[in-house]
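**Q** Provided herewith: work.txt, compact mmCIF, C-alpha atoms.
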```
# COMPACT_ATOMS: atom_id res chain seq x y z
CA MET A 1280 151.00 59.35 87.47
CA ASN A 1281 148.62 58.44 90.33
CA HIS A 1282 144.84 58.39 90.04
CA ARG A 1283 142.85 60.23 92.66
CA PRO A 1284 139.33 59.44 93.77
CA MET A 1285 136.73 61.72 92.30
CA ASP A 1286 135.55 64.35 94.73
CA LEU A 1287 131.78 64.25 94.49
CA GLY A 1288 131.57 67.61 96.20
CA ARG A 1289 133.56 69.36 93.52
CA PRO A 1290 131.62 72.10 91.70
CA ALA A 1291 130.14 70.89 88.44
CA SER A 1292 131.42 73.93 86.53
CA GLY A 1293 134.97 72.58 86.36
CA LYS A 1294 133.86 69.18 85.06
CA ARG A 1295 131.53 70.84 82.59
CA ARG A 1296 134.33 73.03 81.24
CA LEU A 1297 136.46 69.95 80.70
CA LYS A 1298 133.61 68.07 79.04
CA ASP A 1299 132.84 71.03 76.79
CA LEU A 1300 136.47 70.98 75.63
CA LEU A 1301 136.40 67.21 75.06
CA VAL A 1302 133.31 67.30 72.82
CA GLN A 1303 134.85 69.85 70.45
CA LYS A 1304 135.41 68.33 67.03
CA ASP A 1305 139.22 68.34 67.18
CA ASN A 1306 139.20 66.53 70.53
CA ARG A 1307 136.91 63.66 69.58
CA ASN A 1308 139.88 61.63 68.40
CA CYS A 1309 143.13 60.67 70.13
CA ALA A 1310 145.86 63.26 69.57
CA ASP A 1311 148.46 60.58 68.87
CA CYS A 1312 146.73 57.79 66.92
CA GLY A 1313 143.32 59.19 65.92
CA ALA A 1314 141.27 56.58 67.79
CA PRO A 1315 137.71 57.85 68.39
CA ASP A 1316 136.20 58.89 71.71
CA PRO A 1317 139.31 59.40 73.91
CA LYS A 1318 138.63 59.23 77.62
CA TRP A 1319 142.10 60.13 78.91
CA ALA A 1320 144.19 63.27 78.85
CA SER A 1321 147.72 64.47 79.46
CA ALA A 1322 146.99 67.39 81.76
CA ASN A 1323 150.38 69.05 81.46
CA ILE A 1324 150.70 68.59 77.68
CA GLY A 1325 147.09 69.48 76.97
CA VAL A 1326 145.93 66.61 74.74
CA PHE A 1327 143.14 64.04 74.88
CA ILE A 1328 144.31 60.46 74.26
CA CYS A 1329 142.94 56.93 74.00
CA LEU A 1330 143.51 54.02 76.38
CA LYS A 1331 146.31 52.47 74.30
CA CYS A 1332 148.26 55.72 73.97
CA CYS A 1333 147.56 56.45 77.63
CA GLY A 1334 149.71 53.45 78.56
CA VAL A 1335 152.68 54.80 76.61
CA HIS A 1336 152.23 58.28 78.13
CA ARG A 1337 152.33 56.72 81.61
CA SER A 1338 155.62 54.99 80.78
CA LEU A 1339 157.19 58.38 80.04
CA GLY A 1340 156.75 59.39 83.66
CA THR A 1341 154.64 62.17 85.14
CA HIS A 1342 157.51 64.61 84.68
CA ILE A 1343 156.77 64.44 80.96
CA SER A 1344 153.09 63.46 80.75
CA LYS A 1345 150.66 63.57 83.66
CA VAL A 1346 147.82 61.26 82.64
CA LEU A 1347 144.33 61.68 84.10
CA SER A 1348 141.03 60.02 83.31
CA VAL A 1349 138.42 62.46 82.05
CA THR A 1350 135.68 60.54 83.87
CA LEU A 1351 137.32 58.81 86.86
CA ASP A 1352 139.80 61.35 88.22
CA GLU A 1353 139.43 64.57 90.12
CA TRP A 1354 140.88 67.53 88.21
CA SER A 1355 142.18 70.67 89.86
CA ASP A 1356 141.12 74.05 88.53
CA ASP A 1357 144.71 74.67 87.42
CA GLU A 1358 144.76 71.44 85.40
CA ILE A 1359 141.49 72.29 83.69
CA ASP A 1360 142.64 75.85 83.03
CA ALA A 1361 145.85 74.51 81.48
CA MET A 1362 143.91 72.19 79.14
CA ILE A 1363 141.66 75.05 78.06
CA GLU A 1364 144.60 77.40 77.55
CA VAL A 1365 146.24 74.89 75.21
CA GLY A 1366 142.99 74.65 73.28
CA GLY A 1367 142.96 70.92 72.65
CA ASN A 1368 144.53 68.42 70.29
CA SER A 1369 144.84 70.55 67.17
CA SER A 1370 146.59 73.39 68.97
CA ALA A 1371 148.98 71.05 70.76
CA ASN A 1372 149.72 69.03 67.62
CA SER A 1373 150.45 72.21 65.67
CA ILE A 1374 153.50 72.54 67.92
CA TYR A 1375 154.42 68.98 68.83
CA GLU A 1376 153.97 67.73 65.23
CA ALA A 1377 155.15 70.87 63.43
CA PHE A 1378 158.09 69.11 61.79
CA ILE A 1379 157.18 65.47 61.21
CA PRO A 1380 159.70 64.15 58.66
CA GLU A 1381 158.45 63.44 55.17
CA GLY A 1382 157.52 59.80 54.82
CA LEU A 1383 156.83 59.28 58.52
CA SER A 1384 153.20 58.46 59.27
CA LYS A 1385 151.45 58.74 62.61
CA PRO A 1386 150.30 55.43 64.10
CA GLY A 1387 146.68 54.54 63.50
CA PRO A 1388 144.13 53.30 66.04
CA ASP A 1389 145.11 49.67 65.34
CA ALA A 1390 148.87 50.23 65.52
CA GLY A 1391 150.94 47.86 67.64
CA HIS A 1392 152.46 48.88 70.95
CA GLU A 1393 156.00 49.19 69.55
CA GLU A 1394 155.01 51.53 66.72
CA ARG A 1395 152.79 53.57 69.02
CA SER A 1396 155.48 53.84 71.71
CA LYS A 1397 158.20 54.90 69.27
CA PHE A 1398 156.06 57.72 67.85
CA ILE A 1399 154.91 59.04 71.23
CA ARG A 1400 158.41 59.01 72.68
CA SER A 1401 159.73 60.82 69.61
CA LYS A 1402 156.94 63.37 69.84
CA TYR A 1403 157.03 64.27 73.54
CA GLU A 1404 160.16 62.85 75.18
CA LEU A 1405 162.72 63.40 72.41
CA GLN A 1406 160.85 66.43 70.94
CA GLU A 1407 161.88 65.35 67.44
CA PHE A 1408 158.94 67.03 65.72
CA LEU A 1409 159.15 70.40 67.47
CA LYS A 1410 160.48 73.43 65.65
CA PRO A 1411 164.27 73.10 66.08
CA SER A 1412 164.55 76.40 67.96
CA LEU A 1413 162.08 75.12 70.57
CA ARG A 1414 163.88 71.88 71.35
CA ILE A 1415 165.49 71.71 74.76
CA ASN A 1416 169.18 71.00 75.03
CA SER A 1417 171.31 71.54 78.11
CA GLY A 1418 173.44 74.63 78.39
CA PRO A 1419 172.83 78.33 79.06
CA SER A 1420 173.13 79.44 75.45
CA ARG A 1421 170.20 77.26 74.44
CA LYS A 1422 168.07 78.59 77.29
CA ASN A 1423 168.81 82.16 76.33
CA SER A 1424 167.81 81.57 72.71
CA LEU A 1425 164.59 79.92 73.88
CA GLN A 1426 163.72 82.89 76.05
CA SER A 1427 163.92 85.26 73.09
CA THR A 1428 162.10 82.90 70.74
CA LEU A 1429 159.09 82.53 73.03
CA GLN A 1430 158.33 86.08 74.07
CA SER A 1431 155.26 86.25 71.82
CA ASN A 1432 153.80 82.78 72.40
CA SER A 1433 152.44 82.01 75.87
CA PHE A 1434 151.45 78.45 74.96
CA SER A 1435 154.88 77.63 73.59
CA ARG A 1436 156.44 79.30 76.61
CA LYS A 1437 154.47 76.99 78.87
CA ILE A 1438 155.62 73.95 76.90
CA ILE A 1439 159.23 74.98 77.19
CA ASP A 1440 158.92 75.69 80.92
CA SER A 1441 157.61 72.16 81.29
CA PHE A 1442 160.38 70.66 79.18
CA ARG A 1443 163.04 72.69 80.98
CA SER A 1444 161.88 71.06 84.19
CA ASN A 1445 161.92 67.69 82.43
CA SER A 1446 165.56 68.12 81.45
CA SER A 1447 166.69 68.27 85.08
CA GLN A 1448 164.48 65.37 86.15
CA LYS A 1449 165.05 62.82 83.42
CA SER A 1450 168.38 61.73 84.83
CA GLN A 1451 166.73 61.07 88.18
CA GLU A 1452 163.68 59.13 86.99
CA GLY A 1453 163.97 55.83 85.19
CA MET A 1454 161.57 54.91 82.42
CA VAL A 1455 159.03 52.30 83.51
CA GLU A 1456 157.24 50.18 80.91
CA PHE A 1457 153.59 49.45 81.69
CA ILE A 1458 151.73 46.42 80.39
CA GLY A 1459 148.18 47.36 81.29
CA LEU A 1460 145.80 49.04 83.70
CA LEU A 1461 144.21 47.60 86.81
CA LYS A 1462 140.81 48.90 87.84
CA VAL A 1463 140.16 48.16 91.51
CA LYS A 1464 136.64 48.59 92.79
CA VAL A 1465 136.73 48.86 96.58
CA ILE A 1466 133.26 47.54 97.37
CA ARG A 1467 132.82 47.30 101.13
CA GLY A 1468 134.34 46.62 104.52
CA THR A 1469 132.77 44.29 107.08
CA ASN A 1470 133.17 44.21 110.86
CA LEU A 1471 136.12 46.60 110.80
CA ALA A 1472 138.08 47.32 113.96
CA ILE A 1473 137.07 50.06 116.39
CA ARG A 1474 139.65 52.81 116.64
CA ASP A 1475 137.59 55.68 118.11
CA MET A 1476 135.26 55.55 121.12
CA MET A 1477 132.65 53.23 119.60
CA THR A 1478 133.37 53.27 115.87
CA SER A 1479 135.90 54.29 113.19
CA ASP A 1480 136.16 56.58 110.14
CA PRO A 1481 137.71 54.14 107.66
CA TYR A 1482 139.38 54.64 104.31
CA VAL A 1483 141.44 52.31 102.10
CA ILE A 1484 144.89 52.90 100.63
CA LEU A 1485 146.09 50.87 97.63
CA THR A 1486 149.76 50.72 96.65
CA LEU A 1487 151.31 49.17 93.53
CA GLY A 1488 154.96 49.95 92.94
CA LYS A 1489 155.37 53.70 93.44
CA GLN A 1490 151.66 54.41 92.93
CA THR A 1491 149.43 55.09 95.93
CA LEU A 1492 145.69 55.75 95.78
CA ARG A 1493 143.07 56.16 98.49
CA THR A 1494 139.33 56.03 98.81
CA THR A 1495 137.17 58.61 100.49
CA VAL A 1496 136.68 58.52 104.25
CA ILE A 1497 133.37 57.11 105.49
CA LYS A 1498 132.44 58.57 108.84
CA SER A 1499 131.44 56.47 111.86
CA ASN A 1500 130.95 53.16 110.10
CA LEU A 1501 132.39 49.71 110.82
CA ASN A 1502 130.62 48.24 107.76
CA PRO A 1503 131.34 50.90 105.12
CA VAL A 1504 130.24 50.65 101.51
CA TRP A 1505 132.52 52.52 99.13
CA ASN A 1506 131.79 51.11 95.64
CA GLU A 1507 134.67 53.31 94.57
CA GLU A 1508 136.82 52.62 91.48
CA LEU A 1509 140.55 53.36 91.49
CA MET A 1510 142.87 52.93 88.50
CA LEU A 1511 146.49 51.79 88.65
CA SER A 1512 149.12 51.28 85.96
CA VAL A 1513 150.68 47.82 86.02
CA PRO A 1514 154.45 47.83 85.40
CA GLU A 1515 156.14 45.06 83.45
CA ARG A 1516 157.70 43.81 86.69
CA PHE A 1517 154.68 44.02 88.96
CA GLY A 1518 154.45 42.81 92.53
CA ALA A 1519 151.54 42.30 94.87
CA LEU A 1520 148.88 44.97 95.33
CA GLN A 1521 149.20 46.29 98.87
CA LEU A 1522 146.00 47.21 100.73
CA GLN A 1523 145.78 49.08 104.02
CA VAL A 1524 142.76 50.32 105.96
CA PHE A 1525 143.08 53.39 108.20
CA ASP A 1526 140.90 55.27 110.64
CA HIS A 1527 140.90 58.98 109.84
CA ASP A 1528 141.72 61.24 112.79
CA THR A 1529 141.49 65.01 112.62
CA PHE A 1530 143.94 65.93 115.37
CA SER A 1531 146.33 62.98 115.45
CA ALA A 1532 147.96 60.44 113.15
CA ASP A 1533 145.56 58.06 111.42
CA ASP A 1534 145.33 54.62 113.04
CA ILE A 1535 145.83 51.49 110.97
CA MET A 1536 142.91 49.07 110.86
CA GLY A 1537 144.55 46.17 109.08
CA GLU A 1538 146.28 45.29 105.83
CA ALA A 1539 146.43 42.62 103.15
CA GLU A 1540 148.22 41.70 99.93
CA VAL A 1541 146.56 40.82 96.63
CA ASP A 1542 148.49 38.50 94.32
CA LEU A 1543 147.93 39.86 90.81
CA GLN A 1544 149.66 36.98 89.05
CA PRO A 1545 146.54 34.79 88.52
CA LEU A 1546 144.53 37.68 87.05
CA ILE A 1547 147.20 39.05 84.74
CA THR A 1548 148.63 35.71 83.63
CA SER A 1549 145.16 34.38 82.77
CA ALA A 1550 144.15 37.58 80.98
CA MET A 1551 147.30 37.70 78.85
CA ALA A 1552 147.01 34.00 77.98
CA PHE A 1553 143.52 34.51 76.57
CA GLY A 1554 144.27 37.78 74.79
CA ASP A 1555 141.19 39.60 73.54
CA ALA A 1556 138.53 38.73 76.12
CA GLY A 1557 135.84 40.11 73.83
CA MET A 1558 136.24 37.07 71.60
CA PHE A 1559 135.05 34.71 74.34
CA GLY A 1560 131.80 34.11 76.13
CA ASN A 1561 131.44 34.28 79.90
CA MET A 1562 133.76 31.72 81.45
CA GLN A 1563 136.26 31.06 84.23
CA ILE A 1564 139.87 31.38 83.09
CA GLY A 1565 141.90 31.29 86.31
CA LYS A 1566 141.89 31.00 90.09
CA TRP A 1567 143.77 32.33 93.12
CA LEU A 1568 143.64 29.65 95.80
CA LYS A 1569 143.11 30.33 99.49
CA SER A 1570 146.04 29.25 101.67
CA HIS A 1571 147.62 29.97 105.05
CA ASP A 1572 150.09 32.22 103.20
CA ASN A 1573 147.50 34.71 101.94
CA ALA A 1574 144.58 36.77 103.20
CA LEU A 1575 141.86 35.16 101.07
CA ILE A 1576 138.62 34.22 102.77
CA ASP A 1577 137.66 31.91 99.88
CA ASP A 1578 139.21 30.85 96.57
CA SER A 1579 139.03 33.74 94.11
CA THR A 1580 138.23 32.98 90.46
CA VAL A 1581 139.23 34.96 87.40
CA ASN A 1582 136.37 35.23 84.91
CA ILE A 1583 135.54 36.71 81.55
CA VAL A 1584 132.32 38.65 82.09
CA ASP A 1585 130.76 40.46 79.13
CA GLY A 1586 134.10 40.68 77.36
CA LYS A 1587 136.03 41.91 80.43
CA VAL A 1588 138.46 40.03 82.67
CA LYS A 1589 137.35 40.40 86.28
CA GLN A 1590 138.10 38.88 89.67
CA GLU A 1591 136.14 39.19 92.91
CA VAL A 1592 138.35 39.10 95.99
CA SER A 1593 137.32 38.83 99.66
CA LEU A 1594 140.15 39.47 102.11
CA LYS A 1595 140.53 38.97 105.85
CA LEU A 1596 142.55 41.92 107.10
CA GLN A 1597 145.87 40.98 108.68
CA ASN A 1598 147.61 42.25 111.84
CA VAL A 1599 144.33 43.44 113.34
CA GLU A 1600 141.66 41.96 115.60
CA CYS A 1601 138.92 41.81 112.94
CA GLY A 1602 137.76 43.08 109.58
CA GLU A 1603 137.17 42.04 105.97
CA ILE A 1604 137.37 43.89 102.64
CA ASP A 1605 135.64 43.01 99.36
CA LEU A 1606 137.19 44.08 96.06
CA GLU A 1607 136.54 43.62 92.36
CA LEU A 1608 139.56 43.67 90.06
CA GLU A 1609 139.40 44.30 86.32
CA TRP A 1610 142.32 43.91 83.92
CA MET A 1611 142.50 46.45 81.08
CA PRO A 1612 145.19 45.65 78.48
CA LEU A 1613 146.89 48.46 76.62
CA GLU A 1614 146.24 46.63 73.38
CA GLN A 1615 144.27 43.58 72.41
```
As structure tokens, how would this structure be written, given the file I've shared?

**A**
Amino acid sequence: MNHRPMDLGRPASGKRRLKDLLVQKDNRNCADCGAPDPKWASANIGVFICLKCCGVHRSLGTHISKVLSVTLDEWSDDEIDAMIEVGGNSSANSIYEAFIPEGLSKPGPDAGHEERSKFIRSKYELQEFLKPSLRINSGPSRKNSLQSTLQSNSFSRKIIDSFRSNSSQKSQEGMVEFIGLLKVKVIRGTNLAIRDMMTSDPYVILTLGKQTLRTTVIKSNLNPVWNEELMLSVPERFGALQLQVFDHDTFSADDIMGEAEVDLQPLITSAMAFGDAGMFGNMQIGKWLKSHDNALIDDSTVNIVDGKVKQEVSLKLQNVECGEIDLELEWMPLEQ
């Protein structure tokens, strides 16, 4: 699932409808583990979830669970309508948890990743707790029985339509395990290259694995200030974060304005070595050193700041005549 920059021009009514749904009593706790104050949602399933469960949902793939941040992401009207149609956590759980075996308990807010992952996969991917007649198996006879079972239940029908699509896609999409989330704040660009007559309309694209996010376009500015936060899932086998800057053109292909790589190893290795950053005071815990092999302008330190692991990075854009980009990275573990 890819995060999209929030569209500040989007009508407030859609966001308000989503917030009104979130503050309902049944949605004030994670649908899967009961943790309070969930800030994430599975838009196609229709449940609000916490940060730890969000990581497991992402590992299922967007063909099963499309995860969006309630506060950071832009939601389409269709996605909001779908959440409202489901009705929230209680309605969804009444179907997805209709047949939890006796003796099996849901994970709690403090459950470990393995216990949490096993339950969520059983619930949504394997459909083990659905009413048996609603479970999706391959074959035309099963589809026909589903059609007749669901004539009177539009919500269940929507679930099955989603799962039917899942059945054909699962063989094509491998499961990816994620170890955490990376919040990238794109702060500013300095002395960027000219790609129009006298200026440029720059935007930044970030790529990690198969995820690609982009900032908004800033018109006619070679020293743009974005201060825009983008969220990426970090797979177990992560590589470098790829950054590209482009000039937006209305009538032709966008022109590249430079690129750079960000080595995530110092940030993630340091963060995982220290564990729960909230247990430590403000301190430096790692460093990414400037060298001729990277785009760093200066050495970049990894620090614990107010219980969070952060790293400020200043990059000289490569393969271009000029330009610098300033970022702030923040590591967000799936569990402490």

**Q** Any idea what's packed within 10 Å of A:Glu1607, counting all atoms listed in the file, ignoring anything in its chain fewer than 5 positions away? Could you give it as a tab-separated table (two decimals) with C-alpha atoms, keeping the file's coordinate frame?

**A**
```tsv
chain	number	residue	atom	x	y	z
A	1462	LYS	CA	140.81	48.90	87.84
A	1463	VAL	CA	140.16	48.16	91.51
A	1464	LYS	CA	136.64	48.59	92.79
A	1465	VAL	CA	136.73	48.86	96.58
A	1466	ILE	CA	133.26	47.54	97.37
A	1506	ASN	CA	131.79	51.11	95.64
A	1508	GLU	CA	136.82	52.62	91.48
A	1589	LYS	CA	137.35	40.40	86.28
A	1590	GLN	CA	138.10	38.88	89.67
A	1591	GLU	CA	136.14	39.19	92.91
A	1592	VAL	CA	138.35	39.10	95.99
A	1593	SER	CA	137.32	38.83	99.66
```

**Q** Around all the atoms of stretch 1385-1393 of chain A listed in the file, with 5 Å of room on each side, what axis-aligned box do you get, giving centre and edge lengths in Å to one decimal, as AutoDock Vina command-line options?

**A**
```
--center_x 150.1 --center_y 53.3 --center_z 66.8 --size_x 21.9 --size_y 20.9 --size_z 18.3
```

**Q** If you measure from atom CA of A:Glu1600 to atom CA of A:Thr1478, what distance in Å do you get, rounded to one decimal?

**A**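 Spanning atom CA of A:Glu1600 to atom CA of A:Thr1478 is a straight-line distance of 14.0 Å.
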
**Q** Pick from A:Ser1344, A:Ser1321, A:Ser1512, A:Asn1368: nearest to A:Asp1305, with all atoms listed in the file counted?

**A**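 When distances to A:Asp1305 are compared using all atoms listed in the file, the smallest one comes from A:Asn1368.
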
**Q** With a distance cut-off of 9 Å and only C-alpha atoms, select the neighbouring residues of stretch 1571-1585 of chain A, excluding the residue or stretch itself and same-chain residues fewer than 4 positions from it, and output the selection as a ChimeraX atom specification.

**A** /A:1539-1542,1545-1546,1549-1550,1556-1557,1559-1567,1589-1597,1603

**Q** Would you compute the distance between atom CA of A:Ile1379 and atom CA of A:Leu1409? Give it in Å to one decimal.

**A**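 Rounded to one decimal, the two atoms are 8.2 Å apart.
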
**Q** Could you check the closest approach to A:Thr1486 for each of A:Ser1531, A:Gln1523, A:Ser1499, A:Ser1373 and tell me which residue wins, using all atoms listed in the file?

**A**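 Counting all atoms listed in the file, the residue closest to A:Thr1486 is A:Gln1523.
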
**Q** Pick out the closest residue to A:Leu1613 from this set: A:Val1365, A:Cys1309, A:Leu1460, A:Ala1314. Count all atoms listed in the file.

**A**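 Smallest distance to A:Leu1613 is found for A:Leu1460.
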
**Q** Which polymer residues have any atom within 10 Å of an atom of A:Ile1547, counting all atoms listed in the file, with same-chain residues fewer than 3 positions away left out, as a ChimeraX atom specification?

**A** /A:1458-1459,1461,1513,1517,1542-1544,1550-1552,1565,1581,1588,1609-1612

**Q** Would you output that residue set with C-alpha atoms, as a PDB file, keeping the file's coordinate frame?

**A**
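For reference, selection.pdb as written:
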```
ATOM      1  CA  ILE A1458     151.730  46.420  80.390  1.00  0.00           C
ATOM      2  CA  GLY A1459     148.180  47.360  81.290  1.00  0.00           C
ATOM      3  CA  LEU A1461     144.210  47.600  86.810  1.00  0.00           C
ATOM      4  CA  VAL A1513     150.680  47.820  86.020  1.00  0.00           C
ATOM      5  CA  PHE A1517     154.680  44.020  88.960  1.00  0.00           C
ATOM      6  CA  ASP A1542     148.490  38.500  94.320  1.00  0.00           C
ATOM      7  CA  LEU A1543     147.930  39.860  90.810  1.00  0.00           C
ATOM      8  CA  GLN A1544     149.660  36.980  89.050  1.00  0.00           C
ATOM      9  CA  ALA A1550     144.150  37.580  80.980  1.00  0.00           C
ATOM     10  CA  MET A1551     147.300  37.700  78.850  1.00  0.00           C
ATOM     11  CA  ALA A1552     147.010  34.000  77.980  1.00  0.00           C
ATOM     12  CA  GLY A1565     141.900  31.290  86.310  1.00  0.00           C
ATOM     13  CA  VAL A1581     139.230  34.960  87.400  1.00  0.00           C
ATOM     14  CA  VAL A1588     138.460  40.030  82.670  1.00  0.00           C
ATOM     15  CA  GLU A1609     139.400  44.300  86.320  1.00  0.00           C
ATOM     16  CA  TRP A1610     142.320  43.910  83.920  1.00  0.00           C
ATOM     17  CA  MET A1611     142.500  46.450  81.080  1.00  0.00           C
ATOM     18  CA  PRO A1612     145.190  45.650  78.480  1.00  0.00           C
TER      19      PRO A1612
END
```

**Q** A:Cys1312, A:Glu1393, A:Arg1296, A:Gly1382: which is nearest A:Asp1356, counting all atoms listed in the file?

**A**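 Of A:Cys1312, A:Glu1393, A:Arg1296, A:Gly1382, the one nearest A:Asp1356 is A:Arg1296, counting all atoms listed in the file.
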
**Q** Could you tell me how far atom CA of A:His1392 sits from atom CA of A:Glu1515, in Å to one decimal place?

**A**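 Computing it gives 13.6 Å between the two atoms.
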
**Q** Rank A:Phe1408, A:Phe1327, A:Gly1293, A:Glu1394 by their smallest atom-to-atom distance to A:Trp1354, using all atoms listed in the file, and report the top residue only.

**A**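 Smallest separation from A:Trp1354 among the options: A:Gly1293.
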
**Q** Select, from A:Thr1495, A:Ser1369, A:Ser1355, A:Thr1350, the residue with the minimum atom-to-atom distance to A:Val1326, counting all atoms listed in the file.

**A** A:Ser1369

**Q** Write out as an MDAnalysis selection string which residues come within 12 Å of A:Val1349 when counting only C-alpha atoms, dropping same-chain ones fewer than 2 positions away.

**A** chainID A and resid 1282:1283 1285 1293:1302 1316:1322 1326:1330 1333 1346:1347 1351:1355 1358:1359 1362
